[in-house]
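Colleague: Before we start, here is the structure in question, set down as structure tokens.
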2 protein chains.
Amino acid sequence: MKRNSRLSLALHTLGHMAVDPDKTQTSAQIAGHAGTNPVVVRRVLGKLRDAGLLTAEKGHSGGWRLARQPDAITLADVYLALDESIVAPARAEDAPTCSVEHVLQRKVATILEEVEHNLVERLAATSLSEIQRH
Amino acid sequence: MKRNSRLSLALHTLGHMAVDPDKTQTSAQIAGHAGTNPVVVRRVLGKLRDAGLLTAEKGHSGGWRLARQPDAITLADVYLALDESIVAPARAEDAPTCSVEHVLQRKVATILEEVEHNLVERLAATSLSEIQRH
DNA sequence: TCTTATGTAACTTTTCGTGTTGCATTTATC
DNA sequence: GATAAATGCAACACGAAAAGTTACATAAGA
């Protein structure tokens with residue numbers, strides 16, 4: 001699997017679920033289809049579960065399925081559930097060493113925050129039901 | 001130094017140069033001030049030199065200085081010179097495995113490209129001379 | 001000619017995401 | 001109840017990428 005592929009894995013899985021929302025899939029099945037490991041799948045989908053996008057049933061005949069209708073899950077929901085923060089560095093604000101440094105840094109940081117916000121807005125405009133129109 | 005700090009290092013250095021554009025600084029001086037290594041400094045500033053933002057003089061009394069006036073260097077110039085591509089993954093388009101997967105993926109990819117473009121636009125609105133107003 | 005600077009290649013170290021193993025827990029089925 | 005099949009989670013191994021380091025060639029002023 002390639003780097004920072006959590007979003008890819010999530011979209012791939014959710015895409016299939018949106019096509020056939022009544023089918024429950026196990027981590028092993030999903031992993032097989034995505035070419036990765038069941039534990040990795042549980043790690044990623046676990047975040048989606050915590051965000052209320054998926055439900056996970058334990059035990060026999062358990063597995064994963066959508067917690068809502070596809071049209072009620074936007075790409076922003078997925079993105080935010082994964083704590084991706086592609087743009088803004090999710091920074092652990094380090095000590096301001098010298099004043100000159102941080103004038104430009106803060107300018108850039110502000111712009112990145114605005115752009116991050118803009119990204120989420122755009123992602124919110126598309127839901128999983130988009131997949132059904134193709 | 002922290003991860004992906006090339007932009008930080010570049011901004012820090014350019015910030016100081018914008019305050020005092022007549023002073024030539026060596027890699028060692030810059031590295032000392034930025035808490036890193038002279039070779040790392042040359043690697044990062046070398047990209048800014050290639051982009052025409054800085055000049056580097058070899059030999060005795062050599063060093064780095066701005067190649068243009070501070071107001072003629074925007075944050076976008078710096079960002080682009082470093083090949084950062086924070087938002088869009090600068091992707092080596094991998095093989096489209098299954099069709100369902102790539103509907104959502106492409107949607108996201110398109111949004112990321114738009115957002116990346118938007119980022120550069122915003123960065124272009126600020127120049128290094130901003131530092132002189134503080 | 002010597003000193004001081006950049007330019008660059010090669011290697012090491014660090015960091016972080018992914019992959020893997022192992023086991024506890026839960027739940028349907030026999 | 002026992003068993004099989006699933007998730008939950010912790011701990012460790014692996015690998016790639018960025019940063020740091022060493023070494024040396026090259027250039028230019030003193």
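Scheme for the structure tokens: letters A, B, ... for chains in order shown; per-chain residue numbers from 1; ligand numbers from 1 in order shown.
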Using only C-alpha atoms (C1' of nucleotides), I'd like every residue of chain B that has an atom within 9 Å of chain C; please write them out as JSON, numbers by chain.
Modeller: {"B": [3, 26, 27, 42, 56, 57, 58, 59, 60, 61, 62, 63]}
Colleague: For chain A, which residues have at least one atom within 6 Å of chain B, if we go by only C-alpha atoms? Write them as a list in words, please.
Modeller: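 Taken together, these residues fit the definition: His12, Val87 and Glu101 of chain A.
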Colleague: What are the DSSP helix (DSSP H, G or I) residues of chain B, as an mmCIF file with C-alpha atoms, in the first residue's frame?
Modeller:
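Generated file (selection_36.cif):
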```
data_model
loop_
_atom_site.group_PDB
_atom_site.id
_atom_site.type_symbol
_atom_site.label_atom_id
_atom_site.label_comp_id
_atom_site.auth_asym_id
_atom_site.auth_seq_id
_atom_site.Cartn_x
_atom_site.Cartn_y
_atom_site.Cartn_z
ATOM 1 C CA ARG B 6 12.066 23.286 4.220
ATOM 2 C CA LEU B 7 9.417 25.938 3.918
ATOM 3 C CA SER B 8 10.022 27.030 7.497
ATOM 4 C CA LEU B 9 13.741 27.303 6.931
ATOM 5 C CA ALA B 10 13.235 29.209 3.702
ATOM 6 C CA LEU B 11 10.807 31.671 5.231
ATOM 7 C CA HIS B 12 12.961 32.187 8.268
ATOM 8 C CA THR B 13 16.010 32.951 6.165
ATOM 9 C CA LEU B 14 14.203 35.125 3.657
ATOM 10 C CA GLY B 15 12.553 37.006 6.482
ATOM 11 C CA HIS B 16 15.897 38.055 7.884
ATOM 12 C CA MET B 17 17.212 38.932 4.465
ATOM 13 C CA ALA B 18 14.191 41.109 3.797
ATOM 14 C CA VAL B 19 14.881 43.047 6.973
ATOM 15 C CA SER B 27 25.324 28.837 5.040
ATOM 16 C CA ALA B 28 27.049 28.330 8.374
ATOM 17 C CA GLN B 29 25.637 31.549 9.808
ATOM 18 C CA ILE B 30 22.150 30.743 8.596
ATOM 19 C CA ALA B 31 22.394 27.191 9.865
ATOM 20 C CA GLY B 32 23.546 28.411 13.255
ATOM 21 C CA HIS B 33 20.638 30.774 13.498
ATOM 22 C CA ALA B 34 18.102 28.240 12.289
ATOM 23 C CA PRO B 38 24.971 24.150 6.627
ATOM 24 C CA VAL B 39 24.497 21.431 4.041
ATOM 25 C CA VAL B 40 20.783 21.349 4.691
ATOM 26 C CA VAL B 41 20.732 25.113 4.274
ATOM 27 C CA ARG B 42 22.504 24.860 0.937
ATOM 28 C CA ARG B 43 20.096 22.177 -0.188
ATOM 29 C CA VAL B 44 17.052 24.275 0.582
ATOM 30 C CA LEU B 45 18.417 27.652 -0.490
ATOM 31 C CA GLY B 46 19.827 26.024 -3.612
ATOM 32 C CA LYS B 47 16.267 25.582 -4.833
ATOM 33 C CA LEU B 48 15.546 29.230 -4.193
ATOM 34 C CA ARG B 49 18.692 30.096 -6.116
ATOM 35 C CA ASP B 50 17.618 27.934 -9.047
ATOM 36 C CA PRO B 70 11.725 42.001 -1.057
ATOM 37 C CA ASP B 71 8.556 43.376 -2.608
ATOM 38 C CA ALA B 72 9.285 41.389 -5.775
ATOM 39 C CA LEU B 75 5.253 33.631 -0.735
ATOM 40 C CA ALA B 76 4.045 31.766 -3.812
ATOM 41 C CA ASP B 77 7.478 32.174 -5.403
ATOM 42 C CA VAL B 78 9.015 30.531 -2.374
ATOM 43 C CA TYR B 79 6.445 27.776 -2.145
ATOM 44 C CA LEU B 80 6.697 26.894 -5.819
ATOM 45 C CA ALA B 81 10.482 27.046 -5.797
ATOM 46 C CA SER B 99 -13.992 1.339 -11.274
ATOM 47 C CA VAL B 100 -15.978 1.981 -8.123
ATOM 48 C CA GLU B 101 -12.887 3.077 -6.283
ATOM 49 C CA HIS B 102 -11.935 5.793 -8.697
ATOM 50 C CA VAL B 103 -15.186 7.686 -8.911
ATOM 51 C CA LEU B 104 -14.739 9.127 -5.424
ATOM 52 C CA GLN B 105 -10.958 9.222 -5.724
ATOM 53 C CA ARG B 106 -11.087 11.358 -8.819
ATOM 54 C CA LYS B 107 -13.627 13.618 -7.226
ATOM 55 C CA VAL B 108 -11.286 14.200 -4.323
ATOM 56 C CA ALA B 109 -8.284 14.573 -6.612
ATOM 57 C CA THR B 110 -10.064 17.275 -8.581
ATOM 58 C CA ILE B 111 -10.962 19.151 -5.418
ATOM 59 C CA LEU B 112 -7.388 18.912 -4.160
ATOM 60 C CA GLU B 113 -6.074 20.357 -7.397
ATOM 61 C CA GLU B 114 -8.475 23.272 -7.145
ATOM 62 C CA VAL B 115 -7.530 23.862 -3.547
ATOM 63 C CA GLU B 116 -3.832 23.675 -4.342
ATOM 64 C CA HIS B 117 -4.350 26.307 -7.014
ATOM 65 C CA ASN B 118 -6.283 28.406 -4.559
ATOM 66 C CA LEU B 119 -3.427 28.129 -2.068
ATOM 67 C CA VAL B 120 -0.874 29.406 -4.548
ATOM 68 C CA GLU B 121 -3.141 32.309 -5.431
ATOM 69 C CA ARG B 122 -3.353 33.363 -1.822
ATOM 70 C CA LEU B 123 0.358 32.996 -1.267
ATOM 71 C CA LEU B 128 8.530 39.538 1.688
ATOM 72 C CA SER B 129 8.136 43.267 2.197
ATOM 73 C CA GLU B 130 5.278 42.365 4.504
ATOM 74 C CA ILE B 131 7.961 41.810 7.106
ATOM 75 C CA GLN B 132 8.907 45.465 7.015
ATOM 76 C CA ARG B 133 5.509 46.535 8.217
#
```
Colleague: Write down as a ChimeraX atom specification the residues of chain B whose backbone DSSP state falls under strand (DSSP E or B).
Modeller: /B:25,54-57,63-66,74,127
Colleague: Using C-alpha atoms, can you write the selected residues to a file as an mmCIF file, in the first residue's frame?
Modeller:
```cif
data_model
loop_
_atom_site.group_PDB
_atom_site.id
_atom_site.type_symbol
_atom_site.label_atom_id
_atom_site.label_comp_id
_atom_site.auth_asym_id
_atom_site.auth_seq_id
_atom_site.Cartn_x
_atom_site.Cartn_y
_atom_site.Cartn_z
ATOM 1 C CA GLN B 25 25.128 35.545 4.985
ATOM 2 C CA LEU B 54 18.585 34.176 -4.183
ATOM 3 C CA THR B 55 22.149 34.514 -5.372
ATOM 4 C CA ALA B 56 25.016 32.468 -3.988
ATOM 5 C CA GLU B 57 28.617 33.662 -4.188
ATOM 6 C CA GLY B 63 27.409 33.769 0.809
ATOM 7 C CA TRP B 64 23.710 34.241 0.178
ATOM 8 C CA ARG B 65 21.583 37.279 -0.514
ATOM 9 C CA LEU B 66 18.314 38.235 -2.167
ATOM 10 C CA THR B 74 5.989 36.534 -3.010
ATOM 11 C CA SER B 127 5.492 39.519 -0.546
#
```
Colleague: Output the contact residues of chain D with respect to chain B at a cut-off of 12 Å, based on only C-alpha atoms (C1' of nucleotides), as an mmCIF file with N, CA and C atoms (P, O5', C5', C4', C3', O3' and C1' of nucleotides), in the first residue's frame.
Modeller:
```cif
data_model
loop_
_atom_site.group_PDB
_atom_site.id
_atom_site.type_symbol
_atom_site.label_atom_id
_atom_site.label_comp_id
_atom_site.auth_asym_id
_atom_site.auth_seq_id
_atom_site.Cartn_x
_atom_site.Cartn_y
_atom_site.Cartn_z
ATOM 1 P P DA D 17 9.661 6.806 -0.878
ATOM 2 O "O5'" DA D 17 9.800 8.163 -0.051
ATOM 3 C "C5'" DA D 17 8.768 8.508 0.872
ATOM 4 C "C4'" DA D 17 9.276 9.524 1.854
ATOM 5 C "C3'" DA D 17 10.196 10.593 1.242
ATOM 6 O "O3'" DA D 17 9.855 11.853 1.776
ATOM 7 C "C1'" DA D 17 11.283 9.551 3.043
ATOM 8 P P DA D 18 10.430 13.176 1.112
ATOM 9 O "O5'" DA D 18 11.024 13.943 2.380
ATOM 10 C "C5'" DA D 18 10.246 14.031 3.562
ATOM 11 C "C4'" DA D 18 11.141 14.365 4.729
ATOM 12 C "C3'" DA D 18 12.120 15.498 4.463
ATOM 13 O "O3'" DA D 18 12.044 16.458 5.506
ATOM 14 C "C1'" DA D 18 13.268 13.583 5.279
ATOM 15 P P DA D 19 12.975 17.769 5.470
ATOM 16 O "O5'" DA D 19 14.099 17.425 6.536
ATOM 17 C "C5'" DA D 19 13.701 16.932 7.802
ATOM 18 C "C4'" DA D 19 14.922 16.490 8.573
ATOM 19 C "C3'" DA D 19 16.056 17.512 8.623
ATOM 20 O "O3'" DA D 19 16.481 17.650 9.965
ATOM 21 C "C1'" DA D 19 16.871 15.424 7.882
ATOM 22 P P DG D 20 17.614 18.732 10.321
ATOM 23 O "O5'" DG D 20 18.920 17.827 10.446
ATOM 24 C "C5'" DG D 20 18.914 16.759 11.392
ATOM 25 C "C4'" DG D 20 20.174 15.937 11.234
ATOM 26 C "C3'" DG D 20 21.487 16.732 11.276
ATOM 27 O "O3'" DG D 20 22.344 16.149 12.251
ATOM 28 C "C1'" DG D 20 21.462 15.261 9.433
ATOM 29 P P DT D 21 23.727 16.842 12.624
ATOM 30 O "O5'" DT D 21 24.767 16.065 11.723
ATOM 31 C "C5'" DT D 21 24.812 14.635 11.801
ATOM 32 C "C4'" DT D 21 25.849 14.089 10.832
ATOM 33 C "C3'" DT D 21 27.171 14.870 10.770
ATOM 34 O "O3'" DT D 21 28.201 14.031 11.267
ATOM 35 C "C1'" DT D 21 26.394 14.241 8.599
ATOM 36 P P DT D 22 29.688 14.606 11.443
ATOM 37 O "O5'" DT D 22 30.433 14.040 10.161
ATOM 38 C "C5'" DT D 22 30.205 12.693 9.768
ATOM 39 C "C4'" DT D 22 30.883 12.419 8.442
ATOM 40 C "C3'" DT D 22 32.251 13.082 8.252
ATOM 41 O "O3'" DT D 22 33.192 12.092 7.872
ATOM 42 C "C1'" DT D 22 30.857 13.515 6.381
ATOM 43 P P DA D 23 34.759 12.458 7.770
ATOM 44 O "O5'" DA D 23 34.940 12.646 6.199
ATOM 45 C "C5'" DA D 23 34.277 11.739 5.315
ATOM 46 C "C4'" DA D 23 34.439 12.209 3.887
ATOM 47 C "C3'" DA D 23 35.752 12.960 3.622
ATOM 48 O "O3'" DA D 23 36.425 12.355 2.526
ATOM 49 C "C1'" DA D 23 33.894 14.176 2.773
ATOM 50 P P DT D 26 37.207 19.239 -9.344
ATOM 51 O "O5'" DT D 26 36.572 20.653 -9.020
ATOM 52 C "C5'" DT D 26 35.152 20.828 -9.122
ATOM 53 C "C4'" DT D 26 34.790 22.249 -8.737
ATOM 54 C "C3'" DT D 26 35.683 23.324 -9.373
ATOM 55 O "O3'" DT D 26 34.861 24.281 -10.016
ATOM 56 C "C1'" DT D 26 35.441 23.683 -7.062
ATOM 57 P P DA D 27 35.509 25.362 -11.009
ATOM 58 O "O5'" DA D 27 35.288 26.720 -10.209
ATOM 59 C "C5'" DA D 27 33.990 27.004 -9.707
ATOM 60 C "C4'" DA D 27 34.067 28.141 -8.715
ATOM 61 C "C3'" DA D 27 34.900 29.338 -9.171
ATOM 62 O "O3'" DA D 27 34.187 30.521 -8.895
ATOM 63 C "C1'" DA D 27 35.636 28.609 -7.063
ATOM 64 P P DA D 28 34.499 31.832 -9.761
ATOM 65 O "O5'" DA D 28 35.043 32.807 -8.636
ATOM 66 C "C5'" DA D 28 34.241 33.046 -7.480
ATOM 67 C "C4'" DA D 28 35.083 33.661 -6.396
ATOM 68 C "C3'" DA D 28 36.052 34.743 -6.880
ATOM 69 O "O3'" DA D 28 35.987 35.845 -6.000
ATOM 70 C "C1'" DA D 28 37.195 33.162 -5.585
ATOM 71 P P DG D 29 36.323 37.319 -6.551
ATOM 72 O "O5'" DG D 29 36.955 38.018 -5.256
ATOM 73 C "C5'" DG D 29 36.175 38.106 -4.084
ATOM 74 C "C4'" DG D 29 37.032 37.871 -2.853
ATOM 75 C "C3'" DG D 29 38.132 38.923 -2.639
ATOM 76 O "O3'" DG D 29 38.154 39.275 -1.271
ATOM 77 C "C1'" DG D 29 39.089 36.770 -2.656
ATOM 78 P P DA D 30 38.847 40.604 -0.824
ATOM 79 O "O5'" DA D 30 40.124 40.071 -0.033
ATOM 80 C "C5'" DA D 30 39.926 39.216 1.093
ATOM 81 C "C4'" DA D 30 41.262 38.725 1.622
ATOM 82 C "C3'" DA D 30 42.356 39.803 1.684
ATOM 83 O "O3'" DA D 30 43.055 39.703 2.906
ATOM 84 C "C1'" DA D 30 43.119 37.973 0.381
#
```
Colleague: Quote the C-alpha RMSD, in Å to one decimal, that results from superposing chain B on chain A by least squares across all C-alpha atoms in order.
Modeller: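 So the superposition leaves a C-alpha RMSD of 0.2 Å.
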Colleague: Just to confirm, what's the straight-line distance from atom C1' of DC9 of chain D to atom CA of Ala51 of chain A in Å (one decimal)?
Modeller: 18.2 Å
